[in-house]
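Colleague: Pasting final_3.csv below, which is CSV, C-alpha atoms.
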```
chain,number,residue,atom,x,y,z
A,14,ILE,CA,0.0,0.0,0.0
A,15,ARG,CA,1.4,3.3,-1.1
A,16,PRO,CA,0.9,6.3,1.2
A,17,GLN,CA,-1.3,9.0,-0.2
A,18,THR,CA,-0.8,12.6,0.7
A,19,TRP,CA,-4.6,13.1,1.2
A,20,LEU,CA,-4.7,10.2,3.6
A,21,VAL,CA,-1.9,11.6,5.7
A,22,ALA,CA,-3.5,15.1,5.6
A,23,GLY,CA,-6.9,13.7,6.5
A,24,SER,CA,-5.4,11.9,9.6
A,25,LEU,CA,-4.1,15.3,10.7
A,26,TRP,CA,-7.1,17.5,9.8
A,27,ILE,CA,-10.1,15.4,10.7
A,28,PRO,CA,-9.3,15.4,14.5
A,29,ILE,CA,-8.6,19.2,14.4
A,30,VAL,CA,-11.9,20.0,12.7
A,31,ALA,CA,-13.9,17.6,14.9
A,32,ILE,CA,-12.4,19.2,18.1
A,33,TRP,CA,-13.0,22.7,16.8
A,34,VAL,CA,-16.6,22.0,15.8
A,35,ALA,CA,-17.3,20.5,19.3
A,36,ALA,CA,-15.6,23.3,21.1
A,37,PHE,CA,-17.4,25.9,19.0
A,38,THR,CA,-20.8,24.2,19.7
A,39,TYR,CA,-20.2,24.3,23.4
A,40,TRP,CA,-18.8,27.9,23.3
A,41,LEU,CA,-21.9,29.0,21.4
A,42,ARG,CA,-24.3,27.3,23.9
A,43,PHE,CA,-22.5,28.9,26.8
A,44,TRP,CA,-22.5,32.3,25.2
A,45,LEU,CA,-26.2,32.2,24.3
A,46,SER,CA,-27.1,31.0,27.7
A,47,ILE,CA,-25.2,33.8,29.4
A,48,HIS,CA,-26.7,36.3,27.0
A,49,VAL,CA,-30.3,35.1,27.7
A,50,LEU,CA,-29.7,34.9,31.5
A,51,SER,CA,-28.1,38.3,31.6
A,52,SER,CA,-30.5,40.2,29.4
A,53,SER,CA,-33.4,42.3,30.5
A,54,SER,CA,-35.7,40.0,28.4
A,55,CYS,CA,-34.8,37.0,30.6
A,56,GLY,CA,-38.3,35.5,30.9
A,57,GLU,CA,-39.1,35.9,27.1
A,58,SER,CA,-37.1,32.9,25.8
A,59,SER,CA,-38.8,29.5,25.7
A,60,ILE,CA,-36.4,28.1,28.3
A,61,SER,CA,-36.5,30.9,30.8
A,62,GLY,CA,-40.2,31.4,30.2
A,63,GLY,CA,-40.9,27.8,31.1
A,64,LEU,CA,-38.8,28.2,34.2
A,65,GLU,CA,-40.7,31.4,35.2
A,66,GLN,CA,-44.0,29.6,34.6
A,67,ALA,CA,-42.9,26.7,36.9
A,68,LEU,CA,-41.7,29.1,39.5
A,69,VAL,CA,-45.0,31.1,39.5
A,70,SER,CA,-46.9,27.8,39.9
A,71,ALA,CA,-44.7,26.6,42.7
A,72,ASP,CA,-44.8,30.0,44.4
A,73,THR,CA,-48.6,30.1,44.2
A,74,LEU,CA,-48.8,26.6,45.7
A,75,TYR,CA,-46.4,27.6,48.5
A,76,GLU,CA,-48.5,30.7,49.3
A,77,THR,CA,-51.7,28.7,49.3
A,78,CYS,CA,-50.1,26.1,51.5
A,79,ARG,CA,-48.8,28.8,53.9
A,80,GLY,CA,-52.2,30.4,54.1
A,81,ALA,CA,-53.9,27.1,54.9
A,82,VAL,CA,-51.4,26.4,57.7
A,83,ARG,CA,-51.9,29.9,59.1
A,84,SER,CA,-55.7,29.6,59.1
A,85,SER,CA,-55.6,26.2,60.7
A,86,SER,CA,-53.1,27.2,63.5
A,87,THR,CA,-54.4,28.3,66.8
A,88,GLY,CA,-53.3,31.4,68.7
A,89,HIS,CA,-51.1,29.2,70.9
A,90,ASN,CA,-49.4,27.5,68.1
A,91,SER,CA,-48.6,30.4,65.8
A,92,SER,CA,-45.1,29.1,65.1
A,93,LEU,CA,-46.4,26.4,62.8
A,94,GLU,CA,-44.8,27.0,59.4
A,95,VAL,CA,-44.4,25.3,56.1
A,96,THR,CA,-40.9,23.9,55.7
A,97,GLY,CA,-40.9,24.2,51.9
A,98,VAL,CA,-43.0,23.8,48.8
A,99,LYS,CA,-42.2,20.1,48.6
A,100,GLU,CA,-44.2,19.5,51.7
A,101,CYS,CA,-47.3,21.2,50.3
A,102,PRO,CA,-50.3,19.2,49.2
A,103,GLY,CA,-50.4,19.3,45.4
A,104,PHE,CA,-46.6,19.5,45.0
A,105,ASP,CA,-46.5,15.9,43.6
A,106,GLN,CA,-49.0,16.8,40.9
A,107,LEU,CA,-47.1,20.0,40.0
A,108,ALA,CA,-43.8,18.1,40.0
A,109,SER,CA,-45.2,15.5,37.7
A,110,GLU,CA,-46.2,18.3,35.2
A,111,GLN,CA,-43.0,20.3,35.5
A,112,ALA,CA,-40.4,18.0,36.9
A,113,ALA,CA,-37.3,19.2,35.0
A,114,ALA,CA,-38.0,22.9,35.7
A,115,LEU,CA,-38.7,22.4,39.4
A,116,HIS,CA,-35.6,20.2,39.8
A,117,PHE,CA,-33.4,22.8,38.1
A,118,LEU,CA,-34.9,25.6,40.3
A,119,GLU,CA,-34.3,23.6,43.4
A,120,SER,CA,-30.7,22.9,42.4
A,121,LEU,CA,-30.1,26.6,41.8
A,122,GLU,CA,-31.4,27.4,45.3
A,123,MET,CA,-29.2,24.7,46.8
A,124,ARG,CA,-26.1,26.0,45.0
A,125,TYR,CA,-26.6,29.7,45.2
A,126,PRO,CA,-28.2,32.1,47.7
A,127,CYS,CA,-30.9,33.0,45.2
A,128,ALA,CA,-34.6,32.7,44.6
A,129,GLY,CA,-36.8,33.2,41.6
A,130,PHE,CA,-35.3,33.0,38.2
A,131,CYS,CA,-35.4,36.3,36.3
A,132,LYS,CA,-36.7,38.4,39.2
A,133,ASP,CA,-35.9,38.4,42.9
A,134,GLY,CA,-38.3,36.3,44.9
A,135,ARG,CA,-39.0,34.1,47.8
A,136,ARG,CA,-37.0,30.9,48.3
A,137,LEU,CA,-39.2,27.8,48.0
A,138,PHE,CA,-36.9,24.8,48.6
A,139,GLU,CA,-33.9,25.9,50.8
A,140,GLU,CA,-34.7,28.3,53.6
A,141,PRO,CA,-38.3,28.7,52.3
A,142,GLY,CA,-39.9,32.0,52.7
A,143,ARG,CA,-36.6,34.0,52.7
A,144,TRP,CA,-36.4,36.7,50.1
A,145,ALA,CA,-33.3,36.5,47.8
A,146,PRO,CA,-32.0,37.9,44.6
A,147,ALA,CA,-32.7,36.3,41.2
A,148,CYS,CA,-30.9,33.1,40.2
A,149,ALA,CA,-30.4,33.9,36.5
A,150,PRO,CA,-27.5,36.4,37.0
A,151,MET,CA,-25.8,33.9,39.4
A,152,ALA,CA,-26.2,31.1,36.9
A,153,ALA,CA,-24.9,33.4,34.1
A,154,SER,CA,-21.9,34.2,36.3
A,155,ALA,CA,-21.2,30.5,36.9
A,156,LEU,CA,-21.2,29.9,33.1
A,157,GLN,CA,-18.3,32.4,32.6
A,158,ALA,CA,-15.7,29.8,33.6
A,159,PRO,CA,-16.8,27.2,31.1
A,160,LEU,CA,-17.1,29.9,28.4
A,161,ARG,CA,-13.4,31.0,29.1
A,162,MET,CA,-12.3,27.4,29.0
A,163,THR,CA,-14.0,26.7,25.6
A,164,SER,CA,-12.6,30.0,24.3
A,165,ALA,CA,-9.1,28.9,25.3
A,166,LEU,CA,-9.7,25.5,23.6
A,167,LEU,CA,-10.8,27.3,20.4
A,168,VAL,CA,-7.5,29.3,20.4
A,169,TYR,CA,-5.5,26.1,21.1
A,170,VAL,CA,-7.2,24.3,18.3
A,171,LEU,CA,-6.5,27.2,15.9
A,172,LEU,CA,-2.8,27.1,16.9
A,173,ALA,CA,-2.8,23.4,16.4
A,174,ALA,CA,-4.3,23.9,13.0
A,175,ALA,CA,-1.5,26.3,12.1
A,176,CYS,CA,1.0,23.7,13.2
A,177,VAL,CA,-0.8,21.0,11.2
A,178,ALA,CA,-0.8,23.2,8.1
A,179,THR,CA,2.9,23.8,8.5
A,180,ILE,CA,3.5,20.1,8.9
A,181,GLN,CA,1.2,19.2,6.0
A,182,PHE,CA,2.9,21.6,3.5
A,183,THR,CA,6.4,21.3,4.7
A,184,PHE,CA,7.0,17.7,5.8
A,185,VAL,CA,4.2,15.5,4.4
A,186,PRO,CA,4.9,15.8,0.7
A,187,PRO,CA,8.7,15.0,1.0
A,188,LEU,CA,7.8,12.2,3.5
A,189,VAL,CA,5.3,10.6,1.1
A,190,GLN,CA,7.7,11.0,-1.8
A,191,ARG,CA,10.5,9.4,0.1
A,192,VAL,CA,8.3,6.4,1.1
A,193,GLU,CA,7.2,6.0,-2.5
A,194,ASP,CA,10.8,6.1,-3.7
A,195,THR,CA,11.8,3.5,-1.2
A,196,LEU,CA,8.9,1.3,-2.2
A,197,LEU,CA,9.7,1.7,-5.9
A,198,GLN,CA,13.4,0.7,-5.2
A,199,ARG,CA,12.3,-2.4,-3.4
A,200,ALA,CA,9.7,-3.4,-5.9
A,201,PRO,CA,10.8,-6.3,-8.2
A,202,MET,CA,11.4,-5.3,-11.8
A,203,VAL,CA,9.2,-7.1,-14.2
```
Would you mind writing the file out in structure tokens?
Modeller:
Amino acid sequence: IRPQTWLVAGSLWIPIVAIWVAAFTYWLRFWLSIHVLSSSSCGESSISGGLEQALVSADTLYETCRGAVRSSSTGHNSSLEVTGVKECPGFDQLASEQAAALHFLESLEMRYPCAGFCKDGRRLFEEPGRWAPACAPMAASALQAPLRMTSALLVYVLLAAACVATIQFTFVPPLVQRVEDTLLQRAPMV
């Protein structure tokens, strides 16, 4: 089998292009997410709008639950309080309808001292009832590190591409020619 220049070049370029496409895809997702989370139109996208809708539903359930607990408590037991939206009747139904959004909102409250998504609000899962700033800016801030990492990877891949181009045009043709010459010299004459 004689080496082909295109085969050697492909073995160099295919991994470079594949890594660059993957890195650019992730970079674009991080950038778009940060842009949506940081913008004044936070609740208008389909994703953030769905999270806002789930949050409003959970907050309404929590408020209804707190009101029911208050109205059922006596004057002597006024310290009776709801420990979180998960303990409210009807949460299982709400969770079955909006499981992913509620799980994401809960994980944000667990990771950051925030509540709500696009707007400040009342915490519903961790330290329920406590007022806190919106989670979207904190999530956007947390995405800055992966954005920087993928930016660095894109630069690295471009530098690697420059090295591959140098190798391809400087070393590959003479190498292929040398291998072909060696094979021709060893080939039996007919």
Colleague: Using all atoms listed in the file, find each residue in stretch 26-134 of chain A having at least one atom no more than 12 Å away from stretch 143-167 of chain A; report its shortest atom-to-atom pair and that distance in Å (one decimal), rows by chain then rising number, as a tab-separated table.
Modeller:
```
residue	atom	partner	partner_atom	distance
A:Ile29	CA	A:Leu167	CA	10.3
A:Val30	CA	A:Leu167	CA	10.7
A:Ala31	CA	A:Leu167	CA	11.6
A:Ile32	CA	A:Leu167	CA	8.6
A:Trp33	CA	A:Leu167	CA	6.2
A:Val34	CA	A:Leu167	CA	9.1
A:Ala35	CA	A:Thr163	CA	9.4
A:Ala36	CA	A:Thr163	CA	5.9
A:Phe37	CA	A:Leu167	CA	6.9
A:Thr38	CA	A:Thr163	CA	9.3
A:Tyr39	CA	A:Thr163	CA	7.0
A:Trp40	CA	A:Thr163	CA	5.5
A:Leu41	CA	A:Leu160	CA	8.5
A:Arg42	CA	A:Leu160	CA	8.9
A:Phe43	CA	A:Leu160	CA	5.7
A:Trp44	CA	A:Leu160	CA	6.7
A:Leu45	CA	A:Ala153	CA	10.0
A:Ser46	CA	A:Ala153	CA	7.2
A:Ile47	CA	A:Ala153	CA	4.7
A:His48	CA	A:Ala153	CA	7.9
A:Val49	CA	A:Ala153	CA	8.5
A:Leu50	CA	A:Ala149	CA	5.1
A:Ser51	CA	A:Pro150	CA	5.8
A:Ser52	CA	A:Pro150	CA	9.0
A:Ser53	CA	A:Pro150	CA	10.6
A:Ser54	CA	A:Ala149	CA	11.4
A:Cys55	CA	A:Ala149	CA	8.0
A:Gly56	CA	A:Ala149	CA	9.8
A:Ile60	CA	A:Ala149	CA	11.7
A:Ser61	CA	A:Ala149	CA	8.9
A:Gly62	CA	A:Ala149	CA	11.9
A:Leu64	CA	A:Ala149	CA	10.4
A:Glu65	CA	A:Ala149	CA	10.7
A:Leu68	CA	A:Cys148	CA	11.5
A:Thr96	CA	A:Arg143	CA	11.4
A:Gly97	CA	A:Arg143	CA	10.7
A:Phe117	CA	A:Cys148	CA	10.8
A:Leu118	CA	A:Cys148	CA	8.5
A:Glu119	CA	A:Cys148	CA	10.6
A:Ser120	CA	A:Cys148	CA	10.4
A:Leu121	CA	A:Cys148	CA	6.7
A:Glu122	CA	A:Cys148	CA	7.7
A:Met123	CA	A:Cys148	CA	10.8
A:Arg124	CA	A:Ala152	CA	9.6
A:Tyr125	CA	A:Met151	CA	7.2
A:Pro126	CA	A:Ala145	CA	6.7
A:Cys127	CA	A:Ala145	CA	5.0
A:Ala128	CA	A:Ala145	CA	5.1
A:Gly129	CA	A:Ala147	CA	5.2
A:Phe130	CA	A:Cys148	CA	4.8
A:Cys131	CA	A:Ala149	CA	5.5
A:Lys132	CA	A:Ala147	CA	4.9
A:Asp133	CA	A:Ala147	CA	4.2
A:Gly134	CA	A:Trp144	CA	5.6
```
Colleague: Those residues you just picked out, can you put them in a file as a PDB file, in the coordinates of the input with C-alpha atoms?
Modeller:
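Final output, saved to result.pdb:
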```
ATOM      1  CA  ILE A  29      -8.600  19.200  14.400  1.00  0.00           C
ATOM      2  CA  VAL A  30     -11.900  20.000  12.700  1.00  0.00           C
ATOM      3  CA  ALA A  31     -13.900  17.600  14.900  1.00  0.00           C
ATOM      4  CA  ILE A  32     -12.400  19.200  18.100  1.00  0.00           C
ATOM      5  CA  TRP A  33     -13.000  22.700  16.800  1.00  0.00           C
ATOM      6  CA  VAL A  34     -16.600  22.000  15.800  1.00  0.00           C
ATOM      7  CA  ALA A  35     -17.300  20.500  19.300  1.00  0.00           C
ATOM      8  CA  ALA A  36     -15.600  23.300  21.100  1.00  0.00           C
ATOM      9  CA  PHE A  37     -17.400  25.900  19.000  1.00  0.00           C
ATOM     10  CA  THR A  38     -20.800  24.200  19.700  1.00  0.00           C
ATOM     11  CA  TYR A  39     -20.200  24.300  23.400  1.00  0.00           C
ATOM     12  CA  TRP A  40     -18.800  27.900  23.300  1.00  0.00           C
ATOM     13  CA  LEU A  41     -21.900  29.000  21.400  1.00  0.00           C
ATOM     14  CA  ARG A  42     -24.300  27.300  23.900  1.00  0.00           C
ATOM     15  CA  PHE A  43     -22.500  28.900  26.800  1.00  0.00           C
ATOM     16  CA  TRP A  44     -22.500  32.300  25.200  1.00  0.00           C
ATOM     17  CA  LEU A  45     -26.200  32.200  24.300  1.00  0.00           C
ATOM     18  CA  SER A  46     -27.100  31.000  27.700  1.00  0.00           C
ATOM     19  CA  ILE A  47     -25.200  33.800  29.400  1.00  0.00           C
ATOM     20  CA  HIS A  48     -26.700  36.300  27.000  1.00  0.00           C
ATOM     21  CA  VAL A  49     -30.300  35.100  27.700  1.00  0.00           C
ATOM     22  CA  LEU A  50     -29.700  34.900  31.500  1.00  0.00           C
ATOM     23  CA  SER A  51     -28.100  38.300  31.600  1.00  0.00           C
ATOM     24  CA  SER A  52     -30.500  40.200  29.400  1.00  0.00           C
ATOM     25  CA  SER A  53     -33.400  42.300  30.500  1.00  0.00           C
ATOM     26  CA  SER A  54     -35.700  40.000  28.400  1.00  0.00           C
ATOM     27  CA  CYS A  55     -34.800  37.000  30.600  1.00  0.00           C
ATOM     28  CA  GLY A  56     -38.300  35.500  30.900  1.00  0.00           C
ATOM     29  CA  ILE A  60     -36.400  28.100  28.300  1.00  0.00           C
ATOM     30  CA  SER A  61     -36.500  30.900  30.800  1.00  0.00           C
ATOM     31  CA  GLY A  62     -40.200  31.400  30.200  1.00  0.00           C
ATOM     32  CA  LEU A  64     -38.800  28.200  34.200  1.00  0.00           C
ATOM     33  CA  GLU A  65     -40.700  31.400  35.200  1.00  0.00           C
ATOM     34  CA  LEU A  68     -41.700  29.100  39.500  1.00  0.00           C
ATOM     35  CA  THR A  96     -40.900  23.900  55.700  1.00  0.00           C
ATOM     36  CA  GLY A  97     -40.900  24.200  51.900  1.00  0.00           C
ATOM     37  CA  PHE A 117     -33.400  22.800  38.100  1.00  0.00           C
ATOM     38  CA  LEU A 118     -34.900  25.600  40.300  1.00  0.00           C
ATOM     39  CA  GLU A 119     -34.300  23.600  43.400  1.00  0.00           C
ATOM     40  CA  SER A 120     -30.700  22.900  42.400  1.00  0.00           C
ATOM     41  CA  LEU A 121     -30.100  26.600  41.800  1.00  0.00           C
ATOM     42  CA  GLU A 122     -31.400  27.400  45.300  1.00  0.00           C
ATOM     43  CA  MET A 123     -29.200  24.700  46.800  1.00  0.00           C
ATOM     44  CA  ARG A 124     -26.100  26.000  45.000  1.00  0.00           C
ATOM     45  CA  TYR A 125     -26.600  29.700  45.200  1.00  0.00           C
ATOM     46  CA  PRO A 126     -28.200  32.100  47.700  1.00  0.00           C
ATOM     47  CA  CYS A 127     -30.900  33.000  45.200  1.00  0.00           C
ATOM     48  CA  ALA A 128     -34.600  32.700  44.600  1.00  0.00           C
ATOM     49  CA  GLY A 129     -36.800  33.200  41.600  1.00  0.00           C
ATOM     50  CA  PHE A 130     -35.300  33.000  38.200  1.00  0.00           C
ATOM     51  CA  CYS A 131     -35.400  36.300  36.300  1.00  0.00           C
ATOM     52  CA  LYS A 132     -36.700  38.400  39.200  1.00  0.00           C
ATOM     53  CA  ASP A 133     -35.900  38.400  42.900  1.00  0.00           C
ATOM     54  CA  GLY A 134     -38.300  36.300  44.900  1.00  0.00           C
TER      55      GLY A 134
END
```
Colleague: So that I can see what lies close to A:Val21, please list as an MDAnalysis selection string the residues with an atom at most 12 Å from it, counting only C-alpha atoms and leaving out residues fewer than 5 positions away in the same chain.
Modeller: chainID A and resid 15:16 26:27 177:178 180:182 184:186 188:189
Colleague: Using all atoms listed in the file, which residue out of A:Gly80, A:Pro28, A:Pro187, A:Gly23 lies closest to A:Cys101?
Modeller: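 Distance minimum relative to A:Cys101 lands on A:Gly80.
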Colleague: Would you mind reading off the distance between atom CA of A:Ser70 and atom CA of A:Leu107, one decimal, in Å?
Modeller: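 The value is 7.8 Å.
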Colleague: How many Å lie between atom CA of A:Arg136 and atom CA of A:Lys99, rounded to one decimal?
Modeller: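 Taking atom CA of A:Arg136 and atom CA of A:Lys99, their separation equals 12.0 Å.
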Colleague: For atom CA of A:Thr195 and atom CA of A:Ala22, determine how far apart the two atoms are, in Å to one decimal place.
Modeller: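 Between these atoms lies a distance of 20.4 Å.
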Colleague: For A:Glu100, which residue among A:Ala114, A:Leu196, A:Cys176, A:Tyr75 is the nearest when counting only C-alpha atoms?
Modeller: A:Tyr75
